[in-house]
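Asker: Below is the structure I would like to discuss, written out as C-alpha cells.
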There are 2 protein chains.
Amino acid sequence: MSHSFGPLVLHVIEFGEIVAIQSIMRTKPPHLFDDATHVTAGDSRWLGRTSDDYWAFIGPFGGTTAATMLRALIDHPERSGDPLSLTVNFCAPIAQGAFDLDVRLVKANRSTQHWCVELTQGGADVGALATAVFAERRPSWSRQEAKFPQAPPFDQIRPFPKIKASWANQYDFRFIEGDPDFIGAKKEAPGSAFSKLWIGDRVPRRIDALSLMAMSDAFFGRIFHVRGELVPFGTVSLTTYFHADAADLDSEDISNVLAVVDATIFHKSYGDLTGALWSASGRLLATTTQIAYFKV
Amino acid sequence: MSHSFGPLVLHVIEFGEIVAIQSIMRTKPPHLFDDATHVTAGDSRWLGRTSDDYWAFIGPFGGTTAATMLRALIDHPERSGDPLSLTVNFCAPIAQGAFDLDVRLVKANRSTQHWCVELTQGGADVGALATAVFAERRPSWSRQEAKFPQAPPFDQIRPFPKIKASWANQYDFRFIEGDPDFIGAKKEAPGSAFSKLWIGDRVPRRIDALSLMAMSDAFFGRIFHVRGELVPFGTVSLTTYFHADAADLDSEDISNVLAVVDATIFHKSYGDLTGALWSASGRLLATTTQIAYFKV
C-alpha cells in the first residue's frame with residue numbers, strides 16, 4: 001500500500017525528520033483510494049467491497065473495481081514481477097457492498113505470469129472478469145514512438161468543479177483541451193471526442209500501478225463529449241498496458257499524470273475510447289482502450 | 001463456415017448458373033483459413049489443431065489461434081449476437097498438433113454475453129486464455145471519429161513477396177507505407193513503426209469476424225520495422241474490438257482490408273502495437289492493440 005504526501009508537504013521534509021515522518025505514515029489513515037480498493041487475502045478467494053467514495057450513479061466506479069482486482073494480484077504471495085497488461089470485462093451490475101474475488105494463477109513462466117480474477121457477489125453471477133499479465137521487465141533497447149503531448153503545468157490549470165458522481169470528486173481533473181460541456185441544450189454539431197487533461201487524486205497520492213489502472217477509466221464517456229449531453233453509458237471491456245514498472249514509477253515520484261483520450265467510432269450502440277497517461281517528465285506510463293455501451 | 005470466390009470468378013457468374021455454383025460450393029474444399037481454424041464441437045470442451053499452413057517459425061501464428069478460439073464461440077449453440085471484443089493472452093508455447101478448448105459462458109445478459117476460453121494441450125499447461133464479449137447490436141446514432149486513411153486501391157499495389165514463415169504467405173500484403181526492410185545490415189537510425197497496407201487472404205476469402213481477428217495479428221512486429229532487423233519477438237496479449245457486426249460485414253462483401261498500424265513505445269523488453277482495419281468503402285471494421293515481448 002502506498003502513502004503519499006502532497007507537494008506542499010514534501011518540500012518541508014528535512015532529512016532529520018525522516019523518523020518522525022515514518023511514524024506519521026504508520027498512524028496516518030489510509031488514502032481514500034487505498035480504502036476503496038482494499039482487499040482481504042484468502043487462499044484463492046479474496047474479499048473486497050464497493051466504496052461510497054467512488055460511486056458512479058448506479059454502481060461502483062469501474063476504475064476502482066479494476067484497481068481492486070489488480071490489488072488482489074499485486075498483494076498475492078505468488079505474484080512476481082509488475083503488471084504488464086490488465087483486461088477487465090464488466091459482466092453485470094455490481095451492487096453496493098462486499099464481493100468475492102476468485103484469483104487464479106493460470107500459468108507461470110520464467111519471467112511472466114498469467115492471472116485470472118472473477119468478481120462475484122453472494123455466490124451468484126459473475127460481476128467482472130479480469131485477465132492479467134505480470135512480467136519481470138529486463139533492461140532492453142528503449143524508444144518512445146508516441147510524442148509527448150505538450151501542456152501547461154498542472155498548477156497553471158483550473159481544477160474541474162465537483163459534480164454529482166462521487167468518484168469524479170476523488171479526482172483533480174484539469175482540462176487543457178476538450179472540457180466537458182454536458183449541461184444545457186443539446187448541441188447542434190457533434191463535439192470533439194478528444195480531451196487533454198491532467199489527472200491527480202484530489203487528496204494527492206503517489207502514482208502507482210493501482211492508480212494508473214483506475215485513472216485508465218477516469219475519463220468521461222466520449223459519447224458525452226461528442227453529443228454534448230449525458231446519455232445512458234457503461235464500459236463493457238477495458239484493457240490497460242503498463243509501460244513503466246515499479247522502479248520506473250518510483251523514479252518518477254509523481255501524484256498526477258497528463259492524459260490524452262479520444263475515440264474512433266460510435267456505431268450500433270457501442271463506442272470505443274483510446275487513452276494514454278504520461279508523466280510530466282515525458283514518460284509514457286500506460287496506454288488504455290475500452291469499448292462501451294451507449295444509448296442515443 | 002464461409003466460402004468465397006475471388007473477384008475473377010465472381011464476375012463470370014450469371015444468374016442461370018446459381019444452381020451449378022451452389023453445387024461447386026458444396027464440393028469445393030474449405031479455404032485454408034477455415035481448415036486452420038476448424039473446431040470440433042464438444043460439450044464444454046472443444047477441439048482444434050495447429051495448422052502447418054499458418055506456422056510462425058516456432059509455433060502457430062497467433063492470429064489463427066485467436067480466430068480458432070473465436071470460432072469455438074461463434075459456433076457455440078448458446079452463442080447469441082456478434083463478437084464485440086476479444087482479448088487473448090498467449091501464456092505458453094503451443095506445440096504442433098491438437099489442442100483442447102474449454103469454453104465457458106461466464107455471464108449472459110439481455111443483449112450481451114461474456115465468454116472465457118482456455119486452450120490446453122494434453123491436459124497440461126494453459127497455452128492461451130481468451131475472454132470475449134458478444135453483443136446483439138441495436139441501431140443507434142452513429143459517427144466515425146477516426147479519419148479513413150486514404151490509399152491507392154488494392155489492385156494498384158504490388159504484393160509483398162513470399163517469405164519463410166508459412167503464415168505470412170497465406171496473406172496478400174500490399175504495403176503503401178512502411179514496407180518491411182529487415183534484410184541486410186542493421187540500420188543506423190531507427191525506422192518508423194507506422195505502416196499502411198492492404199491485407200487480404202492470398203486465396204481470396206470474404207472478410208468476416210474470424211478473418212478480422214486473425215488479421216489483427218497479421219502485422220510484422222513493430223520492433224522489426226523500427227530496428228530494421230528481425231529480433232526475438234512474441235505477442236503476449238492481444239485485444240480486438242469489432243466495430244462492424246455480421247450484417248455490416250455482409251453489406252461490405254469484401255475480401256481485403258486497409259490496415260494502419262503503429263507503436264507507442266518499446267521499453268524494458270516489451271513494446272505495443274495499435275492498429276485499425278478499414279473497408280475500402282471507408283468503414284472502420286475493427287481496432288486492435290497488443291503488447292509483445294522483444295529482445296534487443
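Letters A, B, ... go to the chains of the C-alpha cells in the order shown; residues in each chain start at 1; ligands are counted from 1 in the same order.
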Please provide as an MDAnalysis selection string all residues within 10 Å of B:Cys116, with the sequence filter that same-chain residues fewer than 3 positions apart are discarded (counting only C-alpha atoms).

Answerer: (chainID A and resid 129) or (chainID B and resid 69 73 86:88 101:107 129:133)

Asker: Show me, as an mmCIF file with N, CA, C and O atoms, in the first residue's frame, every residue of chain A with an atom at most 6 Å from chain B, counting only C-alpha atoms.

Answerer:
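Generated output (result08.cif):
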```cif
data_model
loop_
_atom_site.group_PDB
_atom_site.id
_atom_site.type_symbol
_atom_site.label_atom_id
_atom_site.label_comp_id
_atom_site.auth_asym_id
_atom_site.auth_seq_id
_atom_site.Cartn_x
_atom_site.Cartn_y
_atom_site.Cartn_z
ATOM 1 N N ARG A 137 10.504 -7.164 -15.808
ATOM 2 C CA ARG A 137 10.955 -6.479 -17.012
ATOM 3 C C ARG A 137 12.457 -6.277 -16.993
ATOM 4 O O ARG A 137 13.000 -5.661 -16.091
ATOM 5 N N ARG A 138 13.092 -6.806 -18.023
ATOM 6 C CA ARG A 138 14.549 -6.738 -18.119
ATOM 7 C C ARG A 138 14.959 -5.522 -18.937
ATOM 8 O O ARG A 138 14.228 -5.090 -19.825
ATOM 9 N N PRO A 139 16.151 -4.991 -18.648
ATOM 10 C CA PRO A 139 16.652 -3.859 -19.439
ATOM 11 C C PRO A 139 16.684 -4.226 -20.918
ATOM 12 O O PRO A 139 16.919 -5.388 -21.266
ATOM 13 N N SER A 140 16.436 -3.265 -21.780
ATOM 14 C CA SER A 140 16.478 -3.504 -23.229
ATOM 15 C C SER A 140 16.721 -2.176 -23.930
ATOM 16 O O SER A 140 16.701 -1.119 -23.295
ATOM 17 N N TRP A 141 16.893 -2.262 -25.221
ATOM 18 C CA TRP A 141 16.855 -1.083 -26.062
ATOM 19 C C TRP A 141 15.478 -0.437 -25.854
ATOM 20 O O TRP A 141 14.473 -1.126 -25.733
ATOM 21 N N SER A 142 15.447 0.883 -25.763
ATOM 22 C CA SER A 142 14.205 1.602 -25.450
ATOM 23 C C SER A 142 13.946 2.717 -26.447
ATOM 24 O O SER A 142 14.891 3.333 -26.940
ATOM 25 N N ARG A 143 12.696 2.948 -26.693
ATOM 26 C CA ARG A 143 12.349 4.079 -27.555
ATOM 27 C C ARG A 143 10.873 4.395 -27.403
ATOM 28 O O ARG A 143 10.035 3.507 -27.441
ATOM 29 N N GLN A 144 10.554 5.663 -27.192
ATOM 30 C CA GLN A 144 9.153 6.095 -27.192
ATOM 31 C C GLN A 144 8.813 6.589 -28.587
ATOM 32 O O GLN A 144 9.431 7.525 -29.084
ATOM 33 N N GLU A 145 7.839 5.933 -29.202
ATOM 34 C CA GLU A 145 7.408 6.353 -30.532
ATOM 35 C C GLU A 145 6.404 7.500 -30.423
ATOM 36 O O GLU A 145 6.436 8.445 -31.201
ATOM 37 N N ALA A 146 5.518 7.404 -29.468
ATOM 38 C CA ALA A 146 4.488 8.435 -29.309
ATOM 39 C C ALA A 146 5.138 9.731 -28.830
ATOM 40 O O ALA A 146 6.078 9.716 -28.043
ATOM 41 N N THR A 264 -12.567 6.408 -31.674
ATOM 42 C CA THR A 264 -12.514 6.225 -33.123
ATOM 43 C C THR A 264 -13.900 6.074 -33.745
ATOM 44 O O THR A 264 -14.102 6.449 -34.889
ATOM 45 N N ILE A 265 -14.856 5.541 -32.962
ATOM 46 C CA ILE A 265 -16.161 5.260 -33.578
ATOM 47 C C ILE A 265 -17.269 5.114 -32.533
ATOM 48 O O ILE A 265 -17.015 4.689 -31.396
ATOM 49 N N PHE A 266 -18.483 5.486 -32.945
ATOM 50 C CA PHE A 266 -19.722 5.189 -32.213
ATOM 51 C C PHE A 266 -20.651 4.556 -33.230
ATOM 52 O O PHE A 266 -20.966 5.184 -34.246
ATOM 53 N N HIS A 267 -21.061 3.326 -32.970
ATOM 54 C CA HIS A 267 -21.832 2.617 -34.002
ATOM 55 C C HIS A 267 -22.666 1.521 -33.363
ATOM 56 O O HIS A 267 -22.153 0.733 -32.553
ATOM 57 N N LYS A 268 -23.927 1.443 -33.724
ATOM 58 C CA LYS A 268 -24.827 0.385 -33.238
ATOM 59 C C LYS A 268 -24.681 0.159 -31.733
ATOM 60 O O LYS A 268 -24.445 -0.962 -31.278
ATOM 61 N N SER A 269 -24.789 1.245 -30.970
ATOM 62 C CA SER A 269 -24.863 1.216 -29.502
ATOM 63 C C SER A 269 -23.551 0.962 -28.773
ATOM 64 O O SER A 269 -23.553 0.810 -27.550
ATOM 65 N N VAL A 296 -28.269 6.243 -27.587
ATOM 66 C CA VAL A 296 -28.694 7.519 -28.190
ATOM 67 C C VAL A 296 -29.592 7.181 -29.362
ATOM 68 O O VAL A 296 -29.133 6.580 -30.320
#
```

Asker: Determine, counting only C-alpha atoms, which protein, DNA and RNA residues have an atom within 10 Å of an atom of A:Gly191; residues of the same chain fewer than 5 positions away are not included. Present the result as JSON, numbers by chain.

Answerer: {"A": [178, 180, 181, 222, 223, 224, 225, 226, 227, 228]}

Asker: Can you tell me, as JSON, numbers by chain, which residues in stretch 166-252 of chain B count as alpha helix (DSSP H) by DSSP?

Answerer: {"B": [166, 167, 168, 169, 209, 210, 211, 212, 213, 214, 215, 222, 223, 224, 225, 226, 227, 246, 247, 248, 249, 250, 251, 252]}

Asker: Can those selected residues be exported to a file as a PDB file, in the first residue's frame so that it contains C-alpha atoms?

Answerer:
```
ATOM      1  CA  SER B 166       4.213 -20.010 -43.803  1.00  0.00           C
ATOM      2  CA  TRP B 167       1.505 -17.890 -42.101  1.00  0.00           C
ATOM      3  CA  ALA B 168       2.636 -14.758 -43.877  1.00  0.00           C
ATOM      4  CA  ASN B 169       2.327 -16.465 -47.249  1.00  0.00           C
ATOM      5  CA  ALA B 209     -15.154 -11.637 -37.807  1.00  0.00           C
ATOM      6  CA  LEU B 210     -12.805 -14.632 -37.909  1.00  0.00           C
ATOM      7  CA  SER B 211     -10.544 -13.149 -40.558  1.00  0.00           C
ATOM      8  CA  LEU B 212     -10.625  -9.717 -38.862  1.00  0.00           C
ATOM      9  CA  MET B 213      -9.464 -11.418 -35.663  1.00  0.00           C
ATOM     10  CA  ALA B 214      -6.601 -13.164 -37.435  1.00  0.00           C
ATOM     11  CA  MET B 215      -5.651 -10.071 -39.449  1.00  0.00           C
ATOM     12  CA  ARG B 222       6.835  -3.188 -34.943  1.00  0.00           C
ATOM     13  CA  ILE B 223      10.253  -3.734 -33.360  1.00  0.00           C
ATOM     14  CA  PHE B 224      11.381  -5.275 -36.699  1.00  0.00           C
ATOM     15  CA  HIS B 225      10.334  -2.100 -38.507  1.00  0.00           C
ATOM     16  CA  VAL B 226      11.924   0.266 -36.023  1.00  0.00           C
ATOM     17  CA  ARG B 227      15.156  -1.683 -35.683  1.00  0.00           C
ATOM     18  CA  ALA B 246     -22.271  -9.650 -39.263  1.00  0.00           C
ATOM     19  CA  ALA B 247     -24.901  -7.568 -41.097  1.00  0.00           C
ATOM     20  CA  ASP B 248     -22.392  -4.738 -41.636  1.00  0.00           C
ATOM     21  CA  LEU B 249     -19.789  -7.191 -42.947  1.00  0.00           C
ATOM     22  CA  ASP B 250     -22.359  -8.822 -45.233  1.00  0.00           C
ATOM     23  CA  SER B 251     -23.169  -5.428 -46.706  1.00  0.00           C
ATOM     24  CA  GLU B 252     -19.470  -4.746 -47.346  1.00  0.00           C
TER      25      GLU B 252
END
```

Asker: Considering only strand (DSSP E) as DSSP defines it on the backbone, what residues of stretch 98-284 of chain B qualify? List them as an MDAnalysis selection string.

Answerer: chainID B and resid 98:108 112:120 126:135 143:144 171:177 195:201 233:242 256:262 265:267 270:278 284

Asker: For A:Tyr171, work out the shell of residues within 12 Å, counting only C-alpha atoms and skipping chain neighbours fewer than 2 positions away, then give it as a ChimeraX atom specification.

Answerer: /A:32-33,53-54,61,63,159-163,165-169,173-174,197-205,211,214-215,217-219,255-257

Asker: Could those residues be written to a file, using C-alpha atoms, as a PDB file, in the first residue's frame?

Answerer:
```
ATOM      1  CA  LEU A  32      -9.466   7.060   0.308  1.00  0.00           C
ATOM      2  CA  PHE A  33      -8.312   5.229  -2.808  1.00  0.00           C
ATOM      3  CA  ASP A  53     -16.447   7.430  -2.069  1.00  0.00           C
ATOM      4  CA  TYR A  54     -16.056   6.118  -5.618  1.00  0.00           C
ATOM      5  CA  PHE A  61     -16.663   3.389 -10.470  1.00  0.00           C
ATOM      6  CA  GLY A  63     -11.694   2.148 -12.262  1.00  0.00           C
ATOM      7  CA  PRO A 159      -9.479  22.271 -11.389  1.00  0.00           C
ATOM      8  CA  PHE A 160     -12.719  20.933 -12.856  1.00  0.00           C
ATOM      9  CA  PRO A 161     -15.590  21.640 -10.424  1.00  0.00           C
ATOM     10  CA  LYS A 162     -17.182  18.946  -8.289  1.00  0.00           C
ATOM     11  CA  ILE A 163     -20.103  17.020  -9.798  1.00  0.00           C
ATOM     12  CA  ALA A 165     -20.902  11.335  -9.117  1.00  0.00           C
ATOM     13  CA  SER A 166     -18.752  10.801  -6.014  1.00  0.00           C
ATOM     14  CA  TRP A 167     -15.963   9.007  -7.896  1.00  0.00           C
ATOM     15  CA  ALA A 168     -15.246  12.041 -10.041  1.00  0.00           C
ATOM     16  CA  ASN A 169     -14.811  14.196  -6.946  1.00  0.00           C
ATOM     17  CA  PHE A 173      -9.201  16.910 -13.286  1.00  0.00           C
ATOM     18  CA  ARG A 174      -7.532  19.858 -15.025  1.00  0.00           C
ATOM     19  CA  LEU A 197      -6.115  16.836 -19.153  1.00  0.00           C
ATOM     20  CA  TRP A 198      -4.077  16.425 -16.008  1.00  0.00           C
ATOM     21  CA  ILE A 199      -5.463  13.853 -13.573  1.00  0.00           C
ATOM     22  CA  GLY A 200      -4.406  13.553  -9.951  1.00  0.00           C
ATOM     23  CA  ASP A 201      -6.103  12.226  -6.850  1.00  0.00           C
ATOM     24  CA  ARG A 202      -7.993  15.088  -5.151  1.00  0.00           C
ATOM     25  CA  VAL A 203      -6.110  14.154  -1.977  1.00  0.00           C
ATOM     26  CA  PRO A 204      -2.685  13.778  -3.561  1.00  0.00           C
ATOM     27  CA  ARG A 205      -1.426  10.186  -3.727  1.00  0.00           C
ATOM     28  CA  SER A 211      -3.847   4.458  -9.606  1.00  0.00           C
ATOM     29  CA  ALA A 214      -8.117   3.389 -12.030  1.00  0.00           C
ATOM     30  CA  MET A 215      -7.192   6.531 -13.964  1.00  0.00           C
ATOM     31  CA  ASP A 217     -11.152   4.505 -16.569  1.00  0.00           C
ATOM     32  CA  ALA A 218     -11.358   8.041 -15.128  1.00  0.00           C
ATOM     33  CA  PHE A 219     -12.490   9.633 -18.369  1.00  0.00           C
ATOM     34  CA  SER A 255       0.999  12.454  -7.982  1.00  0.00           C
ATOM     35  CA  ASN A 256      -0.602  13.399 -11.299  1.00  0.00           C
ATOM     36  CA  VAL A 257      -0.474  12.369 -14.945  1.00  0.00           C
TER      37      VAL A 257
END
```

Asker: So which residues touch B:Val39 within 8 Å, counting only C-alpha atoms, skipping near sequence neighbours fewer than 6 positions away, as a list of chain:residue names?

Answerer: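 After dropping sequence-adjacent residues, the list is B:Trp46, B:Leu47, B:Gly48, B:Arg49, B:Thr68, B:Arg71, B:Ala72.
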
Asker: So that I can see what lies close to B:Ile254, please list as a list in words the residues with an atom at most 9 Å from it, counting only C-alpha atoms and leaving out residues fewer than 6 positions away in the same chain.

Answerer: Arg205, Arg206, Ile207, Asp208, Ser279 and Ala280 of chain B

Asker: Between atom CA of B:Asp82 and atom CA of A:Ser216, what is the spacing in Å?

Answerer: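 Result for atom CA of A:Ser216 versus atom CA of B:Asp82: 26.2 Å, one decimal.
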